[in-house]
file work_25.txt (compact mmCIF, C-alpha atoms)
# COMPACT_ATOMS: atom_id res chain seq x y z
CA MET A 1 0.67 -34.81 18.59
CA ASP A 2 -1.05 -37.26 16.26
CA ASP A 3 -0.99 -36.74 12.50
CA LEU A 4 -4.58 -35.51 12.26
CA SER A 5 -4.07 -32.84 14.94
CA ALA A 6 -0.74 -31.80 13.43
CA HIS A 7 -2.36 -31.48 10.01
CA ALA A 8 -5.14 -29.28 11.42
CA ALA A 9 -2.63 -27.02 13.22
CA LEU A 10 -0.45 -26.67 10.13
CA ALA A 11 -3.51 -25.92 8.02
CA LEU A 12 -4.51 -23.18 10.48
CA ALA A 13 -1.05 -21.57 10.36
CA LEU A 14 -1.05 -21.78 6.57
CA ARG A 15 -4.53 -20.24 6.24
CA ILE A 16 -3.56 -17.35 8.52
CA GLY A 17 -0.44 -16.73 6.45
CA GLU A 18 -2.44 -16.87 3.23
CA ALA A 19 -4.93 -14.31 4.55
CA LEU A 20 -2.12 -11.94 5.53
CA LEU A 21 -0.24 -12.31 2.26
CA ALA A 22 -3.44 -11.76 0.26
CA VAL A 23 -3.90 -8.27 1.74
CA GLY A 24 -0.29 -7.18 1.15
CA ALA A 25 1.66 -8.11 4.31
CA SER A 26 5.41 -8.51 3.87
CA ALA A 27 6.90 -11.96 3.37
CA ALA A 28 8.94 -11.73 6.59
CA ASP A 29 5.87 -10.80 8.65
CA VAL A 30 3.88 -13.63 7.10
CA THR A 31 6.69 -16.13 7.73
CA ALA A 32 7.08 -15.04 11.36
CA THR A 33 3.33 -15.26 11.96
CA VAL A 34 3.02 -18.72 10.39
CA LEU A 35 5.95 -20.09 12.41
CA ARG A 36 4.65 -18.47 15.59
CA VAL A 37 1.19 -20.02 15.18
CA ALA A 38 2.70 -23.42 14.42
CA ALA A 39 4.99 -23.16 17.46
CA ALA A 40 1.95 -22.39 19.64
CA TYR A 41 0.81 -25.97 18.94
CA ARG A 42 4.33 -27.40 19.59
CA LEU A 43 5.14 -27.74 15.89
CA ARG A 44 8.58 -26.16 15.98
CA SER A 45 10.50 -27.99 13.25
CA CYS A 46 8.77 -26.18 10.41
CA GLN A 47 9.97 -24.60 7.20
CA VAL A 48 7.99 -21.97 5.29
CA ASP A 49 8.38 -21.08 1.62
CA ILE A 50 6.67 -18.03 0.10
CA THR A 51 6.20 -16.85 -3.44
CA HIS A 52 3.91 -14.08 -4.61
CA THR A 53 1.07 -16.52 -5.33
CA SER A 54 1.67 -19.53 -3.06
CA LEU A 55 2.54 -20.41 0.51
CA THR A 56 4.03 -23.75 1.63
CA ILE A 57 4.77 -25.12 5.10
CA SER A 58 6.60 -28.35 5.90
CA PHE A 59 6.77 -30.02 9.32
CA ASP A 60 9.81 -32.26 9.86
CA ARG A 61 8.62 -35.25 11.91
CA ASP A 62 11.27 -37.38 13.61
CA GLY A 63 11.49 -40.82 12.04
CA ALA A 64 8.72 -40.15 9.49
CA LEU A 65 8.17 -38.39 6.21
CA PRO A 66 7.70 -34.61 6.48
CA MET A 67 4.16 -33.28 6.48
CA THR A 68 3.86 -30.60 3.77
CA LEU A 69 0.90 -28.36 2.93
CA MET A 70 0.52 -25.66 0.28
CA ARG A 71 -2.09 -22.99 -0.45
CA ILE A 72 -2.51 -20.73 -3.46
CA VAL A 73 -2.73 -17.03 -2.57
CA ARG A 74 -5.27 -14.90 -4.42
CA PRO A 75 -4.64 -11.18 -3.77
CA ARG A 76 -7.68 -9.36 -2.38
CA GLY A 77 -6.33 -5.80 -2.31
CA LEU A 78 -5.99 -3.68 0.81
CA ASP A 79 -8.64 -4.63 3.37
CA TYR A 80 -7.56 -3.36 6.77
CA SER A 81 -10.62 -4.70 8.56
CA ARG A 82 -9.81 -8.26 7.48
CA LEU A 83 -6.09 -7.68 8.14
CA GLN A 84 -6.94 -6.51 11.67
CA GLY A 85 -9.14 -9.56 12.28
CA VAL A 86 -6.49 -12.04 11.11
CA THR A 87 -3.77 -10.29 13.11
CA ASP A 88 -5.93 -10.35 16.26
CA LEU A 89 -6.64 -14.04 15.74
CA ALA A 90 -2.94 -14.88 15.36
CA ARG A 91 -2.21 -12.95 18.54
CA ALA A 92 -4.99 -14.81 20.39
CA VAL A 93 -3.70 -18.19 19.20
CA VAL A 94 -0.25 -17.46 20.61
CA ALA A 95 -1.42 -15.85 23.86
CA GLU A 96 -4.44 -18.00 24.72
CA ARG A 97 -3.53 -21.33 23.04
CA LEU A 98 -6.91 -21.56 21.37
CA PRO A 99 -8.08 -25.04 20.39
CA VAL A 100 -7.41 -25.67 16.71
CA GLU A 101 -11.07 -26.19 15.85
CA GLU A 102 -12.09 -22.95 17.58
CA ALA A 103 -9.31 -21.04 15.78
CA HIS A 104 -10.47 -22.43 12.42
CA ARG A 105 -14.03 -21.31 13.15
CA ARG A 106 -12.88 -17.82 14.10
CA LEU A 107 -10.78 -17.59 10.95
CA ASP A 108 -13.77 -18.64 8.86
CA ARG A 109 -15.78 -15.80 10.36
CA VAL A 110 -13.00 -13.29 9.69
CA VAL A 111 -12.38 -14.16 6.04
CA THR A 112 -16.08 -14.47 5.15
CA SER A 113 -17.32 -11.42 7.07
CA PRO A 114 -18.87 -8.64 4.96
CA ASN A 115 -17.17 -5.29 4.57
CA PRO A 116 -17.82 -3.02 7.56
CA TYR A 117 -18.94 -0.09 5.40
CA HIS A 118 -21.41 0.35 2.59
CA ARG A 119 -19.99 0.73 -0.90
CA ARG A 120 -20.97 4.41 -0.89
CA VAL A 121 -18.81 5.02 2.17
CA HIS A 122 -15.99 3.20 0.39
CA ALA A 123 -16.39 5.49 -2.64
CA LEU A 124 -16.53 8.51 -0.33
CA GLY A 125 -13.15 7.50 1.07
CA TRP A 126 -11.57 7.47 -2.41
CA ALA A 127 -13.15 10.81 -3.21
CA GLY A 128 -11.78 12.23 0.04
CA VAL A 129 -8.26 11.11 -0.84
CA ALA A 130 -8.40 12.90 -4.19
CA GLY A 131 -9.98 16.05 -2.78
CA PHE A 132 -7.38 16.40 -0.04
CA VAL A 133 -4.55 15.74 -2.53
CA ALA A 134 -5.80 18.64 -4.65
CA VAL A 135 -5.85 20.90 -1.57
CA GLN A 136 -2.36 19.76 -0.58
CA LEU A 137 -1.04 20.68 -4.04
CA GLY A 138 -2.49 24.19 -3.78
CA GLY A 139 -5.88 23.76 -5.45
CA ASP A 140 -8.99 25.69 -4.45
CA TRP A 141 -12.33 24.21 -3.39
CA LEU A 142 -13.48 23.80 -7.00
CA ALA A 143 -10.35 21.81 -7.91
CA ALA A 144 -10.81 19.65 -4.81
CA LEU A 145 -14.47 19.00 -5.63
CA THR A 146 -13.66 18.18 -9.25
CA ALA A 147 -10.87 15.80 -8.20
CA ALA A 148 -13.18 14.09 -5.72
CA LEU A 149 -15.96 13.57 -8.27
CA THR A 150 -13.47 12.38 -10.88
CA THR A 151 -11.96 9.85 -8.50
CA ALA A 152 -15.42 8.59 -7.51
CA THR A 153 -16.02 7.99 -11.23
CA ILE A 154 -12.68 6.20 -11.53
CA GLU A 155 -13.59 3.96 -8.60
CA GLN A 156 -16.89 3.03 -10.23
CA VAL A 157 -15.20 2.32 -13.58
CA ILE A 158 -12.55 0.11 -11.96
CA ARG A 159 -15.19 -1.74 -9.94
CA THR A 160 -17.19 -2.43 -13.09
CA LEU A 161 -14.14 -3.64 -15.01
CA ASN A 162 -13.10 -5.82 -12.08
CA ARG A 163 -16.50 -7.52 -12.00
CA ARG A 164 -16.04 -8.34 -15.67
CA GLY A 165 -12.67 -9.96 -14.94
CA LEU A 166 -10.51 -7.45 -16.81
CA PRO A 167 -6.82 -7.67 -15.77
CA MET A 168 -5.48 -5.01 -13.40
CA PHE A 169 -3.22 -3.52 -16.10
CA PHE A 170 -6.24 -2.42 -18.12
CA GLN A 171 -8.09 -1.27 -15.00
CA GLN A 172 -5.19 1.04 -14.15
CA ALA A 173 -5.05 2.30 -17.74
CA ALA A 174 -8.79 2.98 -17.74
CA GLY A 175 -8.63 4.85 -14.42
CA ALA A 176 -5.74 7.03 -15.58
CA ALA A 177 -7.53 7.69 -18.88
CA VAL A 178 -10.67 8.84 -17.05
CA ALA A 179 -8.69 11.31 -14.93
CA THR A 180 -6.81 12.69 -17.94
CA THR A 181 -9.98 12.91 -20.03
CA VAL A 182 -11.66 15.03 -17.36
CA ALA A 183 -8.63 17.35 -17.34
CA VAL A 184 -8.72 17.66 -21.15
CA LEU A 185 -12.46 18.42 -21.10
CA LEU A 186 -11.95 21.13 -18.49
CA LEU A 187 -9.39 22.75 -20.77
CA ALA A 188 -11.59 22.40 -23.84
CA TRP A 189 -14.53 24.00 -22.05
CA ASP A 190 -12.30 26.72 -20.56
CA VAL A 191 -13.29 25.91 -16.97
CA ASP A 192 -11.28 27.85 -14.42
CA VAL A 193 -9.81 24.78 -12.67
CA ARG A 194 -6.19 23.66 -12.45
CA SER A 195 -6.81 20.51 -14.42
CA SER A 196 -3.37 19.03 -13.77
CA LEU A 197 -4.27 18.71 -10.09
CA VAL A 198 -7.25 16.56 -11.06
CA VAL A 199 -4.94 14.15 -12.88
CA ALA A 200 -2.36 14.21 -10.08
CA ALA A 201 -5.00 13.33 -7.50
CA GLY A 202 -6.19 10.42 -9.62
CA ILE A 203 -2.62 9.16 -10.05
CA VAL A 204 -2.03 9.22 -6.28
CA VAL A 205 -5.15 7.13 -5.74
CA LEU A 206 -4.04 4.61 -8.38
CA LEU A 207 -0.45 4.48 -7.10
CA ALA A 208 -1.23 4.16 -3.41
CA GLY A 209 -2.51 0.61 -3.68
CA LEU A 210 0.66 -0.72 -5.28
CA SER A 211 3.12 -2.79 -3.24
CA LEU A 212 6.36 -0.86 -3.85
CA VAL A 213 7.03 -0.68 -0.12
CA GLY A 214 6.33 -4.41 0.25
CA ALA A 215 8.68 -5.23 -2.64
CA ALA A 216 11.52 -3.20 -1.16
CA GLU A 217 10.98 -4.63 2.31
CA ASP A 218 10.95 -8.21 1.00
CA ALA A 219 14.17 -7.60 -0.92
CA ILE A 220 15.89 -6.18 2.16
CA ASP A 221 14.61 -9.00 4.39
CA GLY A 222 15.99 -11.68 2.07
CA PHE A 223 12.93 -12.80 0.09
CA PRO A 224 14.08 -12.16 -3.50
CA VAL A 225 11.41 -14.25 -5.24
CA THR A 226 8.52 -12.45 -3.56
CA ALA A 227 10.27 -9.09 -3.91
CA GLY A 228 10.89 -9.64 -7.61
CA ALA A 229 7.29 -10.64 -8.24
CA ARG A 230 5.91 -7.64 -6.37
CA ALA A 231 8.34 -5.26 -8.05
CA PHE A 232 7.39 -6.56 -11.49
CA GLU A 233 3.71 -6.16 -10.59
CA VAL A 234 4.36 -2.55 -9.57
CA VAL A 235 6.16 -1.85 -12.84
CA THR A 236 3.41 -3.47 -14.89
CA LEU A 237 0.54 -1.66 -13.19
CA THR A 238 2.40 1.66 -13.26
CA ALA A 239 2.88 1.10 -16.99
CA GLY A 240 -0.91 0.83 -17.20
CA ILE A 241 -1.20 4.29 -15.65
CA VAL A 242 1.38 5.61 -18.12
CA VAL A 243 -0.51 4.11 -21.07
CA GLY A 244 -3.82 5.63 -19.95
CA ILE A 245 -2.39 9.11 -19.45
CA ALA A 246 -0.18 9.13 -22.53
CA GLY A 247 -2.96 7.88 -24.80
CA VAL A 248 -5.39 10.64 -23.83
CA LEU A 249 -2.70 13.34 -23.92
CA ASP A 250 -1.64 12.25 -27.39
CA LEU A 251 -5.23 12.40 -28.67
CA ALA A 252 -5.70 15.84 -27.14
CA ARG A 253 -2.48 17.08 -28.73
CA ARG A 254 -3.57 15.80 -32.12
CA GLY A 255 -6.90 17.55 -31.61
CA GLY A 256 -5.13 20.87 -31.17
CA LEU A 257 -6.11 21.49 -27.54
CA PRO A 258 -3.81 23.99 -25.77
CA LEU A 259 -2.76 21.72 -22.91
CA THR A 260 -0.82 23.10 -19.96
CA VAL A 261 0.43 21.62 -16.73
CA ALA A 262 0.48 23.59 -13.51
CA ASP A 263 3.50 23.77 -11.26
CA PRO A 264 2.95 22.54 -7.71
CA ALA A 265 1.98 25.40 -5.46
CA THR A 266 2.68 23.61 -2.20
CA ALA A 267 5.35 26.14 -1.24
CA GLY A 268 2.72 28.90 -1.26
CA VAL A 269 0.17 26.96 0.79
CA PRO A 270 0.25 27.52 4.56
CA PHE A 271 1.74 24.62 6.51
CA ALA A 272 -1.43 24.25 8.57
CA VAL A 273 -3.49 23.72 5.39
CA THR A 274 -1.12 21.11 3.96
CA LEU A 275 -0.94 19.38 7.36
CA VAL A 276 -4.73 19.06 7.54
CA ALA A 277 -4.77 17.88 3.93
CA ALA A 278 -2.12 15.22 4.61
CA ALA A 279 -4.04 13.97 7.63
CA GLY A 280 -7.22 13.92 5.56
CA ILE A 281 -5.51 11.93 2.79
CA ALA A 282 -4.31 9.28 5.23
CA GLY A 283 -7.63 9.04 7.06
CA SER A 284 -9.63 8.88 3.83
CA TRP A 285 -7.34 6.16 2.48
CA ALA A 286 -7.87 4.11 5.65
CA LEU A 287 -11.64 4.57 5.30
CA ALA A 288 -11.54 3.51 1.65
CA SER A 289 -9.57 0.41 2.69
CA TYR A 290 -12.22 -0.62 5.25
CA ALA A 291 -10.21 0.22 8.36
CA ARG A 292 -11.99 0.30 11.69
CA VAL A 293 -12.76 3.61 13.38
CA ARG A 294 -9.85 3.40 15.84
CA ALA A 295 -7.45 2.52 13.02
CA ILE A 296 -8.72 5.45 10.93
CA GLY A 297 -7.79 7.79 13.77
CA LEU A 298 -4.29 6.31 13.99
CA ALA A 299 -3.88 6.53 10.21
CA THR A 300 -4.84 10.21 10.33
CA VAL A 301 -2.17 10.84 12.95
CA ALA A 302 0.37 8.92 10.81
CA GLY A 303 -0.39 11.12 7.82
CA ALA A 304 0.06 14.29 9.86
CA LEU A 305 3.29 12.97 11.37
CA SER A 306 4.80 12.01 8.01
CA TRP A 307 3.96 15.40 6.50
CA THR A 308 5.45 17.21 9.50
CA ALA A 309 8.68 15.23 9.17
CA TYR A 310 8.72 15.93 5.42
CA TRP A 311 8.18 19.66 5.97
CA VAL A 312 10.89 19.87 8.65
CA ALA A 313 13.40 18.03 6.45
CA GLY A 314 12.58 20.34 3.54
CA ALA A 315 12.91 23.41 5.77
CA VAL A 316 16.50 22.52 6.61
CA GLY A 317 17.42 22.16 2.94
CA ALA A 318 16.76 18.51 2.08
CA GLY A 319 15.58 17.68 -1.43
CA PRO A 320 12.27 15.94 -2.17
CA ALA A 321 13.73 12.41 -2.18
CA VAL A 322 15.71 12.90 1.05
CA ALA A 323 12.77 14.60 2.76
CA SER A 324 10.46 11.76 1.68
CA ALA A 325 12.92 9.16 2.98
CA THR A 326 13.17 11.00 6.31
CA ALA A 327 9.39 11.04 6.69
CA ALA A 328 9.20 7.36 5.74
CA VAL A 329 11.81 6.45 8.37
CA VAL A 330 9.72 8.20 11.02
CA VAL A 331 6.54 6.41 9.93
CA GLY A 332 8.26 3.03 9.71
CA PHE A 333 9.84 3.47 13.15
CA CYS A 334 6.51 4.37 14.75
CA SER A 335 4.69 1.51 13.02
CA ALA A 336 7.19 -1.09 14.28
CA SER A 337 7.60 0.27 17.80
CA LEU A 338 4.03 1.23 18.70
CA THR A 339 1.50 -0.75 16.68
CA ASP A 340 1.97 -4.03 18.58
CA ARG A 341 1.16 -2.23 21.82
CA LEU A 342 -1.80 -0.49 20.19
CA GLN A 343 -2.84 -3.77 18.48
CA ILE A 344 -2.95 -2.17 15.03
CA PRO A 345 -1.32 -3.86 11.99
CA PRO A 346 1.92 -2.02 11.06
CA LEU A 347 1.00 -2.20 7.36
CA LEU A 348 -1.94 0.13 7.97
CA VAL A 349 0.21 2.84 9.53
CA VAL A 350 2.94 2.51 6.91
CA VAL A 351 0.75 2.74 3.81
CA CYS A 352 -1.52 5.48 5.15
CA GLY A 353 1.48 7.46 6.38
CA ILE A 354 3.23 7.59 3.00
CA VAL A 355 0.18 8.18 0.78
CA PRO A 356 0.42 12.01 1.22
CA LEU A 357 4.01 11.83 -0.09
CA LEU A 358 3.39 9.89 -3.31
CA PRO A 359 4.67 11.77 -6.41
CA GLY A 360 1.47 11.91 -8.47
CA LEU A 361 2.05 15.38 -9.91
CA ALA A 362 5.68 14.61 -10.78
CA ILE A 363 4.61 11.60 -12.83
CA TYR A 364 2.01 13.64 -14.69
CA ARG A 365 4.49 16.45 -15.39
CA GLY A 366 7.00 13.97 -16.78
CA LEU A 367 4.48 12.29 -19.07
CA PHE A 368 3.15 15.68 -20.16
CA ALA A 369 6.63 16.81 -21.16
CA LEU A 370 7.25 13.59 -23.09
CA VAL A 371 3.91 13.43 -24.93
CA VAL A 372 2.78 17.03 -25.41
CA GLU A 373 5.92 19.14 -25.31
CA ALA A 374 8.24 16.44 -26.78
CA ASP A 375 10.76 17.53 -24.16
CA ILE A 376 12.67 14.31 -23.62
CA PRO A 377 15.22 15.65 -21.07
CA GLY A 378 12.56 17.45 -19.03
CA GLY A 379 10.16 14.51 -19.06
CA SER A 380 12.86 11.99 -18.24
CA ALA A 381 14.13 14.12 -15.36
CA ALA A 382 10.64 14.43 -13.87
CA LEU A 383 10.00 10.69 -14.12
CA VAL A 384 13.39 9.85 -12.65
CA GLY A 385 12.64 12.23 -9.78
CA ALA A 386 9.29 10.53 -9.18
CA LEU A 387 11.00 7.12 -9.19
CA ALA A 388 13.61 8.39 -6.73
CA ILE A 389 10.86 9.56 -4.37
CA GLY A 390 9.09 6.19 -4.60
CA LEU A 391 12.28 4.26 -3.84
CA ALA A 392 13.16 6.67 -1.04
CA LEU A 393 9.76 6.05 0.56
CA ALA A 394 10.16 2.29 0.30
CA ALA A 395 13.71 2.23 1.66
CA GLY A 396 12.88 4.71 4.41
CA VAL A 397 9.93 2.66 5.64
CA SER A 398 12.01 -0.51 5.70
CA LEU A 399 14.85 1.20 7.60
CA GLY A 400 12.43 2.73 10.09
CA GLU A 401 10.80 -0.63 10.77
CA HIS A 402 14.17 -2.28 11.37
CA LEU A 403 15.12 0.49 13.80
CA GLY A 404 11.78 0.30 15.61
CA ARG A 405 11.46 -3.47 16.04
CA PRO A 406 13.70 -3.68 19.16
CA LEU A 407 11.23 -1.34 20.88
CA GLY A 408 8.17 -3.27 19.71
CA GLY A 409 6.21 -6.09 21.30
CA ARG A 410 7.23 -9.25 23.08
CA HIS A 411 7.69 -11.24 19.85
CA ASP A 412 10.58 -9.21 18.44
CA ARG A 413 13.28 -11.70 19.44
CA PHE A 414 11.38 -14.41 17.61
CA ASP A 415 10.92 -12.15 14.58
CA ARG A 416 14.61 -11.23 14.47
CA ARG A 417 15.54 -14.90 14.53
CA VAL A 418 13.17 -15.57 11.63
CA ARG A 419 14.58 -12.66 9.65
CA ARG A 420 18.18 -13.78 10.26
CA ARG A 421 17.27 -17.23 8.97
CA ALA A 422 15.65 -15.65 5.94
CA MET A 423 18.64 -13.47 5.12
CA SER A 424 21.00 -16.44 5.53
CA GLY A 425 19.18 -18.31 2.75
CA ASP A 426 16.72 -20.52 4.65
CA ARG A 427 13.70 -18.78 3.14
CA ASP A 428 12.19 -18.13 -0.24

call {"tool": "encode", "arguments": {"input": "work_25.txt", "output": "structure tokens"}}
result
Amino acid sequence: MDDLSAHAALALALRIGEALLAVGASAADVTATVLRVAAAYRLRSCQVDITHTSLTISFDRDGALPMTLMRIVRPRGLDYSRLQGVTDLARAVVAERLPVEEAHRRLDRVVTSPNPYHRRVHALGWAGVAGFVAVQLGGDWLAALTAALTTATIEQVIRTLNRRGLPMFFQQAAGAAVATTVAVLLLAWDVDVRSSLVVAAGIVVLLAGLSLVGAAEDAIDGFPVTAGARAFEVVTLTAGIVVGIAGVLDLARRGGLPLTVADPATAGVPFAVTLVAAAGIAGSWALASYARVRAIGLATVAGALSWTAYWVAGAVGAGPAVASATAAVVVGFCSASLTDRLQIPPLLVVVCGIVPLLPGLAIYRGLFALVVEADIPGGSAALVGALAIGLALAAGVSLGEHLGRPLGGRHDRFDRRVRRRAMSGDRD
């Protein structure tokens, strides 16, 4: 292959990897995809290096200087429609040996295509997530409606702040402050609504977009630089949520409002109700992340499956962290073993499956105890429990994916070779 053709093929592989990394794909998946696309054009002596914000590929040419390309990655947030399009293109390149120019044109259409849904449908998805979370935690229809409207307001506030270029830390703080302010106003006006559920629903929506699972998976797969960057981003943005909640709670306490926090009433809610709510949370999250109709259906099934596994584990005596890890293993296993056959990105199933298990109410209870009740042991214990659940979800998903890959598609041998090279120090 001449230099010009090799450069075009490497640029295609690099652009595909950039598009995947920008929407939250794991470093190992991105590396495997980039190497697979390059190998489809007979460029096999390639090395890939990934950080959180850049992607580099180098082709070792015999008897000549290596050809090296780099692209800066700008995160776009979860966009399952674009993720699906890029994944389908990478699969077509490998299976059909598309001409490089045709593949570049298809990739241009994918990355520049408009969102499949109107912004109002996007906002409706966020509102649906919050409403179903409130139902799952034992709230009535009024609590669900209030949580949905509050979250729609949060989405509009974050969108406005994002257009003005405000960093994500302050966007998270503003969203958490809006949710907590609504809860404080409900208490001040003596509205018969479990206000803590409104805050918990808002926290779940803010937490679900963070890349804790991606950070844990990158660390396990041998990509410490990317894992460290993602983990630090998670900590920073979660700190934004803490600042927003704690600031409003402190002002309310100084104003003399009689704040209370409700205990979760999930144990008193029929399993059928919580199952429907979990499925609704996952499906609404997929809709809010611009997933296609078929993917929304699969996400809904993943949410119901994860909640069923969580409920079964709890019924046999497992604690919240162990039950969450069990459910995450099931979701991760299914995502790795089935999604290649169904031609659905595994990331979609994983994230949507664990959203119903995120510890939003536990975080709020811990912050409430620290700020309002000045109960340091109680608040610390609640926050540590929430952290344990988050880590259990991340580790469970990673373990489930590793167990499910041997049953996956035809590229698993290639992927395992890439991951072995990564864990031996040839990556990152």

call {"tool": "closest_residue", "arguments": {"input": "work_25.txt", "among": "A:Ala25, A:Ala327, A:Leu367, A:Ala64", "to": "Thr180 of chain A", "atoms": "only C-alpha atoms"}}
result
A:Leu367

call {"tool": "residues_around", "arguments": {"input": "work_25.txt", "residues": "segment 148-152 of chain A", "least_positions_apart": "6", "cutoff": "6 Å", "atoms": "only C-alpha atoms", "output": "PyMOL selection string"}}
result
chain A and resi 123+127+130-131+202

call {"tool": "atom_distance", "arguments": {"input": "work_25.txt", "atom1": "atom CA of Ile363 of chain A", "atom2": "atom CA of Tyr290 of chain A"}}
result
27.6 Å

call {"tool": "closest_residue", "arguments": {"input": "work_25.txt", "among": "A:Ile344, A:Val316, A:Ala144, A:Ile158", "to": "Arg292 of chain A", "atoms": "only C-alpha atoms"}}
result
A:Ile344

call {"tool": "closest_atom_pairs", "arguments": {"input": "work_25.txt", "of": "segment 172-193 of chain A", "to": "segment 220-243 of chain A", "cutoff": "6 Å", "atoms": "only C-alpha atoms", "output": "CSV"}}
result
residue,atom,partner,partner_atom,distance
A:Gln172,CA,A:Gly240,CA,5.3
A:Ala173,CA,A:Gly240,CA,4.4
A:Ala176,CA,A:Ile241,CA,5.3

call {"tool": "write_last_selection", "arguments": {"input": "work_25.txt", "atoms": "C-alpha atoms", "output": "mmCIF file, in the coordinates of the input"}}
result
data_model
loop_
_atom_site.group_PDB
_atom_site.id
_atom_site.type_symbol
_atom_site.label_atom_id
_atom_site.label_comp_id
_atom_site.auth_asym_id
_atom_site.auth_seq_id
_atom_site.Cartn_x
_atom_site.Cartn_y
_atom_site.Cartn_z
ATOM 1 C CA GLN A 172 -5.190 1.040 -14.150
ATOM 2 C CA ALA A 173 -5.050 2.300 -17.740
ATOM 3 C CA ALA A 176 -5.740 7.030 -15.580
#

call {"tool": "residues_around", "arguments": {"input": "work_25.txt", "residues": "Gly303 of chain A", "least_positions_apart": "5", "cutoff": "6 Å", "atoms": "only C-alpha atoms", "output": "PyMOL selection string"}}
result
chain A and resi 278-279+282+353

call {"tool": "atom_distance", "arguments": {"input": "work_25.txt", "atom1": "atom CA of Gly175 of chain A", "atom2": "atom CA of Arg159 of chain A"}}
result
10.3 Å

call {"tool": "closest_residue", "arguments": {"input": "work_25.txt", "among": "A:Gly314, A:Gly165, A:Pro320, A:Gly247", "to": "Leu370 of chain A", "atoms": "all atoms listed in the file"}}
result
A:Gly247

call {"tool": "atom_distance", "arguments": {"input": "work_25.txt", "atom1": "atom CA of Gly283 of chain A", "atom2": "atom CA of Leu83 of chain A"}}
result
16.8 Å

call {"tool": "closest_residue", "arguments": {"input": "work_25.txt", "among": "A:Ala291, A:Leu393, A:Leu69, A:Ala386", "to": "Tyr310 of chain A", "atoms": "all atoms listed in the file"}}
result
A:Leu393

call {"tool": "closest_residue", "arguments": {"input": "work_25.txt", "among": "A:Leu357, A:Ala27, A:Leu35, A:Ala40", "to": "Leu207 of chain A", "atoms": "only C-alpha atoms"}}
result
A:Leu357

call {"tool": "closest_residue", "arguments": {"input": "work_25.txt", "among": "A:Ala147, A:Leu287, A:Ala11, A:Ala200", "to": "Leu78 of chain A", "atoms": "only C-alpha atoms"}}
result
A:Leu287
